[in-house]
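Following: one structure in structure tokens, then a few remarks.
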Amino acid sequence: MADATVVKPDLDFVKGVIAAGGESLKKCYQCATCTVVCNVTPDKNPFPRKEMVWAQWGLKEKFKGNPDVWLCHQCNDCSSYCPRGAKPGEVLGAIRKQTIKQYSAPGVLVDLVNNKKFWPLIVAVPAVLLAVLLSAAGTFGIPEGEVIFSKFASTHFIQFVFTPALIFGVAVGILGMKKFWADMKQANGVYSGDLKGSVTETLKEVAGHQKFKSCGVSADRFTSHFLVFYSFIALGIATALGVLYIDILGMESPFRLGYGTPVKLFGNIGAIALIAGILLMMNSRFKNAEKLGVGSYFDWLLIGIIGTVALSGFLAQLMRIAGVAPLAYPIYFIHLVFVFSLFIYLPFSKLAHIFYRGAAMCFLKYSGREAEQAVVQPEAKTEIPAASGPETGESAGEAGQAETKQE
Amino acid sequence: MEKKYGVYICKGCEIADTVEIEKLEEVAAKEKQIPVCKTHDALCSPEGLDLIKNDISGEGVNTVVVAACSPRVKYKEFSFNGSIVERINLREFVAWTQEPKTEDTQALAEDYMRMGITKAQHTELPEPFMLEEIDKAVLVVGGGITGMTSALGAAEAGYNVILVEKQAELGGWAAKMHKQLPQSYPFESIEEPTIKATIDKVTSHSNIKVYTSSEIEKIAGFPGQYDVSIKTNGGPEQAKAGAVIMAAGWRPYDANKLEHLGYGTNPNVITNVQMEEIASSGKIIRPSDGREAKKVAFIQCAGSRDPGHLPYCSSYCCLTSLKQAKYVREKNPDAMAYILYKDMRTPGQYELFYKSMQNDPGVMLTKGEVTGVSEASDGNLYVDLKDTFLGENIRIEADMVVLATGMVPNTKIDAEVLAEWKTKFDEELKASGGKPDPNAPLEPHKVPNILNLEYKQGPELPVLDEAYGFNESNYICFQYETRRTGIYTAGSVRQPMHMLGSIEDALGASLKAIQCIEATAKGFSVHPRAWDQTYPEVNLQKCTSCKRCTEECPFGAIEEDEKGTPFHKMSRCRRCGTCLGSCPERVINFKDFSIGMMSSMFKAMDVPDEGLRLIGLVCENDAYPALDAAAINREKWSNAIRFIPVRCLGNLNLAWIADALSSGIDGMVLIGCKFGENYQCHFVKGSELANERLGKLQETLGRLQLEPERVELIQLSIQDYDKLPEILAEYVEKLEEMEPNPFKEF
């Protein structure tokens, strides 16, 4: 058969997807209910059935440069309608994780983030590192007097340690994204298109969270992700203001009421929204656990890191105001550790979806594939006009920095 | 028995709203001179039943005529031990289907009263036919899992069993398996074979006599008294049995015919039977070079569901491949099994096994049509598929290919063998001077050498055209029945099935065999008239030895002695009454059903000079329930037709038509089953026989100078009950257009 695709099933790949959270993968008997109920799939070559078939057979090659798995926002309509409990949503999540793994370097960090048994190290390594650096700076300990966090970690310390961490995270992410982009072009045979227009359209779509709105079963995911997303932006603004005050206007932290009010306002609104968003995410996962799956280690790792960042930041502020130094500084240290983790694990953790989903969404517009999609708005849902505001995925990373700096 | 009649009319279920009950009473009391005649608001209520019971005990009533609902309902309530009971169907045939309180409706109900009472007058209590001796042993033919389970079933119930197996060892295919499918919940893991324990149980059971390396030479006799000749290694043996279970099993489809799948050309293409052998001897090694096969492709439906090979699904192959995929995975965790299917079919609870196998990451299941198997390098093979889930043609490389071949029943013989056999048969026929009759109602079946029955209709069990050589029952709901009374089939010779199915089947057949033996011992008929103690009684003095009854009996129950005089092998008889219909001399009758009874019933009808009067003879198995069903749905039909149930349309005796039409009845409609052996006729081809007899109608009616169109046979499928009113209306319309029957004036 001359025109046949030679299928080389890879048992290790199948096992890998299963280990990555796609435990239910093999339950699929390929009825295509998932594809029929999916609100975000294009009509032509729809997903997720074909991805389920590829994954079941271990057809690793098929996933190289595949943007479709990123079209899925894991709203889990598919999983809730699956007659076999095969949870295509979880499986696609596991496949996305495999993609992140594939494009990220160095391997040491890939393993650290992906391997459940290393979880204490994930926190311990940054904690030890920061403790050593702070000791070297001579500020590790509980300072006397009014609680002022810059006495524990100076503004310069923060800038010299956290800025490189963020740059590392973003750079690795961008490199991976570029490789992924090249693979997508090759795999889909698309070599030209309107890149600028596609980027603009993608940013608009991200800002408005349109894709989330077409979810049926877990519609609250729209709210939670929206809250988390915009809280990062609010925290980004707070950080920008901090930079303005310290580095341009030459002021010193802590910022007092009056000129400091906008920083406090953005910082606190951001923090509260972040905590609310994370709590909603957790709640939604537990609520639908039986039908949709509670999520993988990979999912929970990110939820845990972001949740701790938000909670420790907020608590540190409260303790500072209350003047409880023995609690305020340790909590602040925890906050620093988790923010640092967030930055260095950015391209390895689930947060890397900023790069890969961003690239995939952009590619779908670039290649014209998205135009094949007939968007069906679920019933009982009103169309929410897309919010404007060009914010890139990376801005979320900067937003993380903001919180560190604000105190 | 001196009869004392009691007529009981029910007023419930809209009957009293439709007809004048007093006038019905008058018909019974005045016209028919019935001494006891009573009415009740609800005859089936305890009070209503007491009314009847009190008359039986107090007044000595012994012939009870119940004018109420259909005899198909409330039969337990209206059954009185030692009394004749006749049911008149006023509810379904009058109250529910006719205009209330019209003259014609009243006339209809009154005619039903006259006919019912007349029928009771011609009915006698049955005296069961008793065999002098009964052999209660069960003969089981075939010592595989089915045969052994049947044998154990009957033996455990206290019956002696004779088990005959052709091979030297018991066990059949089940003994050749490496492991067996799960036999109980949760149906998830494969098991060590349990066949050894079953064999031990059979060989050590005191009620079971086992003959291995043996075949059946001949089975003569009839239920309750079979004489079995067994050919054994040690010479001929004789045995006696009361019933027979045939479990001759199956053989795999000949893979040599599957060259397009690489069988025979590449040694690494094997069958599922060979796979069991390989697995039994250790690692999964492939034949060509003895290397371990780590990528094994299973091709499902290899020669199955394919018009060029076996057109059917064997229902076990998918399960066997799943089981063998487990061998591959258990013996080497790095090995993969690819199962390539058209449709995955895992009957019953085995869905659970399928699910558990599907969860194994090393088992790849995919749908597609295999277009070919070709050689790759190194003794490997390419399997090409089209119509796959990828939407493109795919090619899979495997170390070894297993063809999941289907089941062929051992009763089916290959075309070449059959041709040879047929030539021999024809030669013998020629030599004996007999002429092969292509229109013979029951052709001898040409399946060789399993039961060797001494039977008019051939030595083996007949199969249906649509059963592909399997010994499937023609009874839709009674799987073990065959067309040979007292002989039941079970297991894969009856229908392709897996081992667990065979075990269930085997026990069902044991029960049927026991039922047959016990019914025969008490003089009851077997299925489908299992309550019946009447039997055909022949007035031999008037018999002309015309042999029509012996030809037409569907069950070979009537044979001829040296002088050509027919005699019944009564325990083979299923009381269908085909012989009654076939007899031109009208000498065959039953205690509760006779030629004379029917003629008297026609004559009992009131035939006025004006107005259409028609008779409907309806098959009680399907047409009568169809009428009842139409009535329950309140369909309306003509008031000109009086329906009379018959045991089967094969009861139709041409004398009835002559009698009916000569007494002024305008026409007769016969409603029976659809023709063809694959339809539901409980007695093989009753309505077809009736139709053949109608071929001679011209002659009968010509003498009376009547149009043959007055008589019409309608083939009805039971589910078409809703079409009945229309069918009947058409018939009535046709009759209305004809002149009235000139015999009305006589």
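Labeling convention for the structure tokens: chains A, B, ... as they appear, residues from 1 per chain, ligands from 1 in order of appearance.
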Test item: chain A residues at most 7 Å from chain B, counting only C-alpha atoms, as a ChimeraX atom specification:
/A:1,3-8,11,14-15,26-27,50,56-57
Please produce a file of the residues just selected, as a CSV table (one decimal), in the first residue's frame, where the atoms kept are N, CA and C atoms.
chain,number,residue,atom,x,y,z
A,1,MET,N,0.9,-1.2,0.0
A,1,MET,CA,0.0,0.0,0.0
A,1,MET,C,0.9,1.2,0.0
A,3,ASP,N,0.3,4.4,-0.4
A,3,ASP,CA,-0.1,5.7,0.3
A,3,ASP,C,-0.4,5.5,1.8
A,4,ALA,N,0.1,4.4,2.3
A,4,ALA,CA,-0.2,4.1,3.7
A,4,ALA,C,0.8,4.8,4.7
A,5,THR,N,0.3,5.3,5.8
A,5,THR,CA,1.1,5.8,6.8
A,5,THR,C,1.6,4.6,7.6
A,6,VAL,N,3.0,4.6,7.8
A,6,VAL,CA,3.5,3.5,8.6
A,6,VAL,C,3.4,3.9,10.0
A,7,VAL,N,2.7,3.0,10.8
A,7,VAL,CA,2.4,3.3,12.1
A,7,VAL,C,3.4,2.6,13.0
A,8,LYS,N,4.1,3.3,13.8
A,8,LYS,CA,5.1,2.7,14.7
A,8,LYS,C,4.7,3.0,16.1
A,11,LEU,N,5.4,2.2,22.9
A,11,LEU,CA,4.9,1.8,24.2
A,11,LEU,C,5.3,2.8,25.3
A,14,VAL,N,3.2,5.9,25.2
A,14,VAL,CA,1.8,5.6,25.9
A,14,VAL,C,2.0,5.6,27.4
A,15,LYS,N,3.0,4.9,27.9
A,15,LYS,CA,3.2,4.9,29.3
A,15,LYS,C,3.5,6.3,29.9
A,26,LYS,N,-6.5,4.8,28.0
A,26,LYS,CA,-6.8,3.6,27.3
A,26,LYS,C,-8.2,3.2,27.4
A,27,LYS,N,-9.0,3.9,28.2
A,27,LYS,CA,-10.4,3.5,28.2
A,27,LYS,C,-11.2,4.0,27.0
A,50,LYS,N,-9.0,12.3,17.5
A,50,LYS,CA,-7.8,11.9,16.8
A,50,LYS,C,-6.5,11.9,17.7
A,56,GLN,N,-3.2,6.7,22.2
A,56,GLN,CA,-3.4,5.3,22.5
A,56,GLN,C,-2.4,4.4,21.8
A,57,TRP,N,-2.2,4.7,20.6
A,57,TRP,CA,-1.3,3.9,19.7
A,57,TRP,C,0.2,4.3,20.0
Tell me, which residues of region 202-242 of chain A carry DSSP alpha helix (DSSP H), written as a PyMOL selection string?
chain A and resi 202-208+210-213+220-242
Quick one: residues within 12 Å of region 299-303 of chain A, only C-alpha atoms counted, chain neighbours fewer than 4 positions away excluded, as a PyMOL selection string?
chain A and resi 20-21+74+90+93-94+96-97+112-116+118-120+122-123+224-225+228+274-275+277-283+285-286+293-295+307-311+338-339+341-343+345-353
From the DSSP assignment of the backbone, select every residue of region 416-652 of chain B that is strand (DSSP E), and format the answer as a VMD selection string.
chain B and resid 487 to 489 537 to 538 558 to 560 566 to 568 588 to 589 614 to 619 641 to 646
Selection file, N, CA and C atoms, as a PDB file, in the first residue's frame:
ATOM      1  N   ILE B 487     -34.851 -34.565  20.894  1.00  0.00           N
ATOM      2  CA  ILE B 487     -33.430 -34.381  20.594  1.00  0.00           C
ATOM      3  C   ILE B 487     -33.129 -32.885  20.651  1.00  0.00           C
ATOM      4  N   TYR B 488     -32.189 -32.541  21.503  1.00  0.00           N
ATOM      5  CA  TYR B 488     -31.900 -31.123  21.745  1.00  0.00           C
ATOM      6  C   TYR B 488     -30.452 -30.843  21.401  1.00  0.00           C
ATOM      7  N   THR B 489     -30.193 -29.638  20.916  1.00  0.00           N
ATOM      8  CA  THR B 489     -28.804 -29.284  20.604  1.00  0.00           C
ATOM      9  C   THR B 489     -28.320 -28.233  21.587  1.00  0.00           C
ATOM     10  N   GLU B 537     -55.923 -39.878  17.257  1.00  0.00           N
ATOM     11  CA  GLU B 537     -56.453 -41.242  17.313  1.00  0.00           C
ATOM     12  C   GLU B 537     -56.951 -41.600  15.919  1.00  0.00           C
ATOM     13  N   VAL B 538     -56.541 -42.754  15.453  1.00  0.00           N
ATOM     14  CA  VAL B 538     -56.804 -43.109  14.056  1.00  0.00           C
ATOM     15  C   VAL B 538     -57.818 -44.255  13.989  1.00  0.00           C
ATOM     16  N   ILE B 558     -45.235 -40.484  12.261  1.00  0.00           N
ATOM     17  CA  ILE B 558     -46.087 -41.516  11.673  1.00  0.00           C
ATOM     18  C   ILE B 558     -45.257 -42.346  10.696  1.00  0.00           C
ATOM     19  N   GLU B 559     -45.219 -43.608  10.926  1.00  0.00           N
ATOM     20  CA  GLU B 559     -44.496 -44.489  10.012  1.00  0.00           C
ATOM     21  C   GLU B 559     -45.463 -45.537   9.475  1.00  0.00           C
ATOM     22  N   GLU B 560     -44.973 -46.336   8.561  1.00  0.00           N
ATOM     23  CA  GLU B 560     -45.849 -47.348   7.949  1.00  0.00           C
ATOM     24  C   GLU B 560     -45.345 -48.743   8.304  1.00  0.00           C
ATOM     25  N   PRO B 566     -50.346 -46.812   8.270  1.00  0.00           N
ATOM     26  CA  PRO B 566     -49.605 -45.876   9.142  1.00  0.00           C
ATOM     27  C   PRO B 566     -49.787 -46.218  10.623  1.00  0.00           C
ATOM     28  N   PHE B 567     -48.749 -45.970  11.390  1.00  0.00           N
ATOM     29  CA  PHE B 567     -48.875 -46.046  12.856  1.00  0.00           C
ATOM     30  C   PHE B 567     -48.050 -44.923  13.463  1.00  0.00           C
ATOM     31  N   HIS B 568     -48.542 -44.431  14.595  1.00  0.00           N
ATOM     32  CA  HIS B 568     -47.871 -43.300  15.247  1.00  0.00           C
ATOM     33  C   HIS B 568     -46.799 -43.779  16.213  1.00  0.00           C
ATOM     34  N   ILE B 588     -58.503 -39.287  11.284  1.00  0.00           N
ATOM     35  CA  ILE B 588     -57.610 -38.919  12.388  1.00  0.00           C
ATOM     36  C   ILE B 588     -58.254 -37.794  13.181  1.00  0.00           C
ATOM     37  N   ASN B 589     -58.448 -38.010  14.469  1.00  0.00           N
ATOM     38  CA  ASN B 589     -59.111 -37.023  15.317  1.00  0.00           C
ATOM     39  C   ASN B 589     -58.506 -37.006  16.714  1.00  0.00           C
ATOM     40  N   LEU B 614     -69.215 -15.281   7.369  1.00  0.00           N
ATOM     41  CA  LEU B 614     -67.883 -15.764   7.012  1.00  0.00           C
ATOM     42  C   LEU B 614     -67.242 -16.475   8.198  1.00  0.00           C
ATOM     43  N   ILE B 615     -66.319 -17.403   7.874  1.00  0.00           N
ATOM     44  CA  ILE B 615     -65.587 -18.090   8.942  1.00  0.00           C
ATOM     45  C   ILE B 615     -64.102 -17.743   8.827  1.00  0.00           C
ATOM     46  N   GLY B 616     -63.480 -17.497   9.941  1.00  0.00           N
ATOM     47  CA  GLY B 616     -62.029 -17.287   9.958  1.00  0.00           C
ATOM     48  C   GLY B 616     -61.374 -18.394  10.756  1.00  0.00           C
ATOM     49  N   LEU B 617     -60.557 -19.213  10.090  1.00  0.00           N
ATOM     50  CA  LEU B 617     -59.782 -20.224  10.818  1.00  0.00           C
ATOM     51  C   LEU B 617     -58.429 -19.608  11.128  1.00  0.00           C
ATOM     52  N   VAL B 618     -58.102 -19.526  12.400  1.00  0.00           N
ATOM     53  CA  VAL B 618     -56.864 -18.833  12.754  1.00  0.00           C
ATOM     54  C   VAL B 618     -55.928 -19.740  13.544  1.00  0.00           C
ATOM     55  N   CYS B 619     -54.684 -19.657  13.183  1.00  0.00           N
ATOM     56  CA  CYS B 619     -53.625 -20.385  13.895  1.00  0.00           C
ATOM     57  C   CYS B 619     -53.570 -19.879  15.340  1.00  0.00           C
ATOM     58  N   ILE B 641     -67.487 -11.958  10.273  1.00  0.00           N
ATOM     59  CA  ILE B 641     -66.574 -13.106  10.403  1.00  0.00           C
ATOM     60  C   ILE B 641     -66.665 -13.736  11.795  1.00  0.00           C
ATOM     61  N   ARG B 642     -66.767 -15.059  11.838  1.00  0.00           N
ATOM     62  CA  ARG B 642     -66.690 -15.812  13.096  1.00  0.00           C
ATOM     63  C   ARG B 642     -65.339 -16.544  13.111  1.00  0.00           C
ATOM     64  N   PHE B 643     -64.536 -16.216  14.115  1.00  0.00           N
ATOM     65  CA  PHE B 643     -63.204 -16.825  14.175  1.00  0.00           C
ATOM     66  C   PHE B 643     -63.209 -18.118  14.974  1.00  0.00           C
ATOM     67  N   ILE B 644     -62.481 -19.092  14.460  1.00  0.00           N
ATOM     68  CA  ILE B 644     -62.316 -20.358  15.181  1.00  0.00           C
ATOM     69  C   ILE B 644     -60.815 -20.664  15.229  1.00  0.00           C
ATOM     70  N   PRO B 645     -60.268 -20.882  16.421  1.00  0.00           N
ATOM     71  CA  PRO B 645     -58.833 -21.218  16.461  1.00  0.00           C
ATOM     72  C   PRO B 645     -58.573 -22.655  16.024  1.00  0.00           C
ATOM     73  N   VAL B 646     -57.454 -22.848  15.341  1.00  0.00           N
ATOM     74  CA  VAL B 646     -56.987 -24.205  15.042  1.00  0.00           C
ATOM     75  C   VAL B 646     -55.577 -24.344  15.615  1.00  0.00           C
TER      76      VAL B 646
END
Interatomic distance, CA of Asn288 (chain A) to CA of Ala219 (chain A) (Å, one decimal)
11.6 Å
Might you pull out every residue within 12 Å of Val85 (chain B), with only C-alpha atoms counted and same-chain residues fewer than 4 positions away left off, and present them as a short mmCIF file (atom, residue, chain, number, x, y, z; two decimals) with N, CA and C atoms, in the first residue's frame?
data_model
loop_
_atom_site.label_atom_id
_atom_site.label_comp_id
_atom_site.auth_asym_id
_atom_site.auth_seq_id
_atom_site.Cartn_x
_atom_site.Cartn_y
_atom_site.Cartn_z
N LYS B 3 -71.98 -36.24 30.34
CA LYS B 3 -71.67 -34.82 30.48
C LYS B 3 -72.83 -34.08 31.10
N LYS B 4 -72.46 -33.20 32.00
CA LYS B 4 -73.47 -32.26 32.49
C LYS B 4 -72.92 -30.84 32.25
N TYR B 5 -73.68 -30.09 31.46
CA TYR B 5 -73.16 -28.81 31.00
C TYR B 5 -73.51 -27.66 31.91
N GLY B 6 -72.60 -26.71 32.00
CA GLY B 6 -72.89 -25.45 32.66
C GLY B 6 -72.35 -24.33 31.79
N VAL B 7 -73.19 -23.33 31.52
CA VAL B 7 -72.72 -22.19 30.72
C VAL B 7 -72.67 -20.96 31.62
N TYR B 8 -71.56 -20.27 31.61
CA TYR B 8 -71.36 -19.11 32.48
C TYR B 8 -70.98 -17.90 31.64
N ILE B 52 -68.96 -21.17 39.71
CA ILE B 52 -68.71 -22.33 38.85
C ILE B 52 -68.35 -23.55 39.72
N ILE B 56 -69.97 -27.29 40.07
CA ILE B 56 -69.23 -28.53 39.79
C ILE B 56 -69.42 -29.51 40.95
N VAL B 61 -71.89 -30.47 37.57
CA VAL B 61 -71.47 -29.96 36.26
C VAL B 61 -70.05 -30.45 35.99
N ASN B 62 -69.84 -30.99 34.78
CA ASN B 62 -68.49 -31.44 34.44
C ASN B 62 -68.02 -30.91 33.09
N THR B 63 -68.86 -30.18 32.41
CA THR B 63 -68.46 -29.56 31.15
C THR B 63 -68.81 -28.07 31.24
N VAL B 64 -67.76 -27.27 31.39
CA VAL B 64 -67.96 -25.86 31.72
C VAL B 64 -67.70 -25.01 30.49
N VAL B 65 -68.69 -24.23 30.11
CA VAL B 65 -68.49 -23.30 29.00
C VAL B 65 -68.44 -21.89 29.59
N VAL B 66 -67.28 -21.25 29.42
CA VAL B 66 -67.08 -19.91 29.98
C VAL B 66 -67.14 -18.90 28.84
N ALA B 67 -68.16 -18.09 28.82
CA ALA B 67 -68.26 -17.05 27.80
C ALA B 67 -67.78 -15.76 28.43
N PRO B 71 -59.28 -17.12 25.59
CA PRO B 71 -58.69 -18.27 26.30
C PRO B 71 -57.19 -18.08 26.57
N TYR B 75 -56.26 -18.33 32.10
CA TYR B 75 -56.43 -19.78 31.93
C TYR B 75 -56.23 -20.54 33.22
N LYS B 76 -55.49 -19.93 34.15
CA LYS B 76 -55.34 -20.61 35.44
C LYS B 76 -56.64 -20.56 36.22
N GLU B 77 -57.27 -19.35 36.19
CA GLU B 77 -58.53 -19.19 36.92
C GLU B 77 -59.59 -20.16 36.38
N PHE B 78 -59.69 -20.20 35.05
CA PHE B 78 -60.74 -21.01 34.44
C PHE B 78 -60.25 -22.42 34.12
N SER B 79 -59.55 -23.02 35.05
CA SER B 79 -59.22 -24.42 34.80
C SER B 79 -59.71 -25.21 36.01
N PHE B 80 -60.52 -26.22 35.72
CA PHE B 80 -61.17 -26.97 36.80
C PHE B 80 -60.85 -28.44 36.60
N ASN B 81 -60.09 -28.96 37.56
CA ASN B 81 -59.60 -30.32 37.42
C ASN B 81 -60.71 -31.33 37.15
N GLY B 116 -69.43 -22.34 20.53
CA GLY B 116 -68.69 -22.76 21.72
C GLY B 116 -69.36 -23.93 22.40
N ILE B 117 -70.68 -23.84 22.54
CA ILE B 117 -71.40 -24.94 23.19
C ILE B 117 -71.30 -26.21 22.35
N LYS B 119 -68.88 -26.99 20.40
CA LYS B 119 -67.53 -27.52 20.55
C LYS B 119 -67.42 -28.33 21.85
N ALA B 120 -68.01 -27.79 22.92
CA ALA B 120 -67.97 -28.50 24.20
C ALA B 120 -68.69 -29.84 24.07
N GLN B 121 -69.75 -29.83 23.29
CA GLN B 121 -70.51 -31.08 23.13
C GLN B 121 -69.68 -32.14 22.41
N HIS B 122 -68.74 -31.70 21.60
CA HIS B 122 -67.91 -32.66 20.86
C HIS B 122 -66.56 -32.94 21.52
N THR B 123 -66.37 -32.39 22.70
CA THR B 123 -65.08 -32.57 23.37
C THR B 123 -65.17 -33.66 24.42
N GLU B 124 -64.13 -34.50 24.46
CA GLU B 124 -64.05 -35.53 25.50
C GLU B 124 -62.83 -35.26 26.36
N LEU B 125 -62.84 -35.71 27.59
CA LEU B 125 -61.64 -35.60 28.41
C LEU B 125 -60.55 -36.51 27.84
N ASP B 592 -60.35 -33.55 21.76
CA ASP B 592 -60.96 -32.23 21.87
C ASP B 592 -60.91 -31.47 20.54
#
Fewer than 4 positions away in the same chain doesn't count, so skip those; otherwise give me all residues within 7 Å of Arg49 (chain A), counting only C-alpha atoms, as a PyMOL selection string.
chain A and resi 30+32+34-35+53
Just the residues within 7 Å of region 192-201 of chain A, please, counting only C-alpha atoms, with nothing from its chain fewer than 2 positions along; format it as a ChimeraX atom specification.
/A:190,203-205,362,365-367
Write a file of the just-selected residues containing N, CA and C atoms, as a PDB file, in the first residue's frame.
ATOM      1  N   VAL A 190       2.909  24.946   6.677  1.00  0.00           N
ATOM      2  CA  VAL A 190       2.527  26.356   6.545  1.00  0.00           C
ATOM      3  C   VAL A 190       3.792  27.193   6.748  1.00  0.00           C
ATOM      4  N   LEU A 203      -3.702  38.240  21.154  1.00  0.00           N
ATOM      5  CA  LEU A 203      -3.702  39.037  22.378  1.00  0.00           C
ATOM      6  C   LEU A 203      -5.120  39.460  22.738  1.00  0.00           C
ATOM      7  N   LYS A 204      -5.881  39.842  21.742  1.00  0.00           N
ATOM      8  CA  LYS A 204      -7.274  40.233  22.003  1.00  0.00           C
ATOM      9  C   LYS A 204      -8.044  39.053  22.592  1.00  0.00           C
ATOM     10  N   GLU A 205      -7.811  37.898  22.002  1.00  0.00           N
ATOM     11  CA  GLU A 205      -8.534  36.713  22.452  1.00  0.00           C
ATOM     12  C   GLU A 205      -8.159  36.363  23.889  1.00  0.00           C
ATOM     13  N   CYS A 362      -1.686  31.543  18.254  1.00  0.00           N
ATOM     14  CA  CYS A 362      -1.244  32.450  17.213  1.00  0.00           C
ATOM     15  C   CYS A 362      -1.094  31.687  15.889  1.00  0.00           C
ATOM     16  N   LYS A 365      -4.244  31.003  13.922  1.00  0.00           N
ATOM     17  CA  LYS A 365      -4.703  32.145  13.149  1.00  0.00           C
ATOM     18  C   LYS A 365      -3.797  32.344  11.928  1.00  0.00           C
ATOM     19  N   TYR A 366      -2.509  32.206  12.190  1.00  0.00           N
ATOM     20  CA  TYR A 366      -1.485  32.374  11.166  1.00  0.00           C
ATOM     21  C   TYR A 366      -1.713  31.402  10.001  1.00  0.00           C
ATOM     22  N   SER A 367      -2.059  30.149  10.341  1.00  0.00           N
ATOM     23  CA  SER A 367      -2.204  29.118   9.309  1.00  0.00           C
ATOM     24  C   SER A 367      -3.613  29.071   8.729  1.00  0.00           C
TER      25      SER A 367
END
